[in-house]
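Asks: Could you have a look at this structure, given as structure tokens, before my questions?
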Amino acid sequence: MSATTADPSLLADRKLVKRTHSSDRRFAAISHTLLSIWAVIVIVPMLWVLMSSFKSTGEILSSPFSLPNEWKFENYANAWSDASIGKYFLNSAVVVVSALVLVMLLGAMCAYILARFQFPGRRLIYYTMLAGLTFPVFLAIVPLFFQLQNFGLLNTRLGLILTYVAFALPFTMFFLYSFFRSLPHDVYEASQIDGAGEWRAFFQVMLPMASPGMAAVAIFNFLGLWNQFLLPVALNTDQDNWVLTQGMSAYAASQVYDIDYGALFAAIVITVAPVLVVYVIFQRRIAGSVSQGTFR
Amino acid sequence: MSDTITKSEPASGRLKSAARGGRPRRRKLTFDRVTFFLAFLGIPLTVFVLFVLYPFIQAIYWAMTDWRGYSPDYNFVGLDNFTKMFEDDVFLKALRNVALLAAVVPLVTLTLALGVAVAITLGGPSKGPVRGIRGASFYRIISFFPYVVPAIIVGLIWAQMYDPNAGLLNGMLNKLGLDFEAFAWLGEKSTAMPALMFTFVWGLVGFYAVLFIAAIKGVPGELYEAAKIDGAGRFRTTISITLPSIRDSVQTAYIYLGIAALDAFVFVQALLPNGGPDNSTLTISQHLFTTAFRKGQFGYATAMGVVLAVVTLVFAALVFAVNRLTGGGEDKKAKAPRRKAPPAGIESGALPAGAEGGAR
């Protein structure tokens, strides 16, 4: 008896399953199509740049699609020497790494104090920093120029480092603030019972515990500072101190007359490739950082 | 020995307070604590005040002077710079251009980013828990690529793509039999702005897609189960479950993107360094930069910065208002009546601007 009553419902169930399967497949097909189109739009310009970087200017002009007739590796040598990429790369590395280390340290310090201590003026500091994030850098750029000039830091790498640190500080602070707040209190209490002072508690207990947050925000800061363009262009005009983004922009602008397309493409590849490789290696971590950044 | 005993007394009291919610509280002042406090707060704040806060404050004063930079004397001119600005046709054009950018770029970028995120996260089989589409991580990695490329390089790549003679775009269109021989995408008034916008979108979709993927994964699976039981299709589910659940992320993203579009300096410098045909893509940032560092009219340029800041704040306020009017932000309040914690920002998922990392 019970078997006969169960049968129709089972049948209906199977039908439903079938229907959801076909709708699944349709949705998946549409999704794959749209995602593939987007992936192509993203990847084609990059592949085209890579391919063109091995072609001669004549070939690039005559047929944008074809593979290079002969692979012109000298484009890379030309780009390296003409665009002084090596020098700018080194400048970028020095400035960004110094600024990154400094801002991580200062940001963590500031975030820690604001997150774990109660004192008058705490809210004021917090909201002032928030304002510092919201206002466009362009509002500050002219006074900043003269501020650096007064300190004798204009057109120096140190001046650029300090500016990077100052402008990356609020973001770093906010990110780590929520991180420090979420850390359990009892570990800190335990360190106090063991007689560790505040300094030791921070450097040996709290900072190591915050390292996942530190890693996430460091990745963001690295990308942001490495890609920074306005601050160096306005504040660092001495060509010997140029960073990579500046150098590339100037190199492209200098190519208006007598264009060596191949070398320009090679220069782009040299600039992009290292970061792209690092990204592919760490992509899981980076994707994780994006989500942490928003939902902590 | 006795030391540990006396220390453990207040410690147990603290433990209790930590259990009560662990908010920061006053502690006893010792030398160690005071030096720690001063150093940790003092050093970062000094850097911040010297290089961020003070220039911002100075800017507001300088905006009301006719200072030309290198000479020490200048006059206080009140609001003259602002009246002059609103009679300056070039500035007004720049203002209109960035308004257009701020209206179009966030909308298009976020629509595409949401599309990508939904396809990746909800594209999998609907049976069982919500799973991603096959190849999800491949699509995610690819679409994030442009974000890793410095914006200036994104601009340079597209400047080459749009190149009238050597560019791939014209090459492809000609292959398709369309006559785009030597068509200058960046040289025509009608196409320069759309070309700029497309570059912008191309560079930013991936970042926001990854952000939304994370947000969608944070939506509790039961919600989808319930919708499925109620017979809601994919499209319905996206509109009535996914979108409302991640509206705070959308709001935050909208504000960042608006700020980026109002600034736009890097992209225009790479693609259209001279303001485009007939200034059709000139931005306030470009105009400001030239006025300050080429013409040396620092007072006037700073006033433009003030206007840009005001426009930015108005944009943010508009986004907040629209979100509030369409019903957002309310259930948030009901859900979180604990108002003790001062920072409303970060805990409600509203990561401050500049989340694109470091100094913008």
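Following the order of the structure tokens, first chain is A, next is B, and so on, with residues numbered from 1 inside each chain and ligands from 1 in the order they appear.
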Can you work out which residues from chain A touch chain B at a cut-off of 6 Å (counting only C-alpha atoms) and hand them back as a PyMOL selection string?
Replies: chain A and resi 24+28+31+60-61+64+106+109-110+116-118+133-136+138-140+143-144+164+166-168+198+220-221+224-225+227+272+290-291+294-295
Asks: Please provide the set of residues having any atom within 8 Å of Phe315 of chain B, restricted to only C-alpha atoms, with same-chain residues fewer than 4 positions apart removed, written as a ChimeraX atom specification.
Replies: /B:255,258,311,319
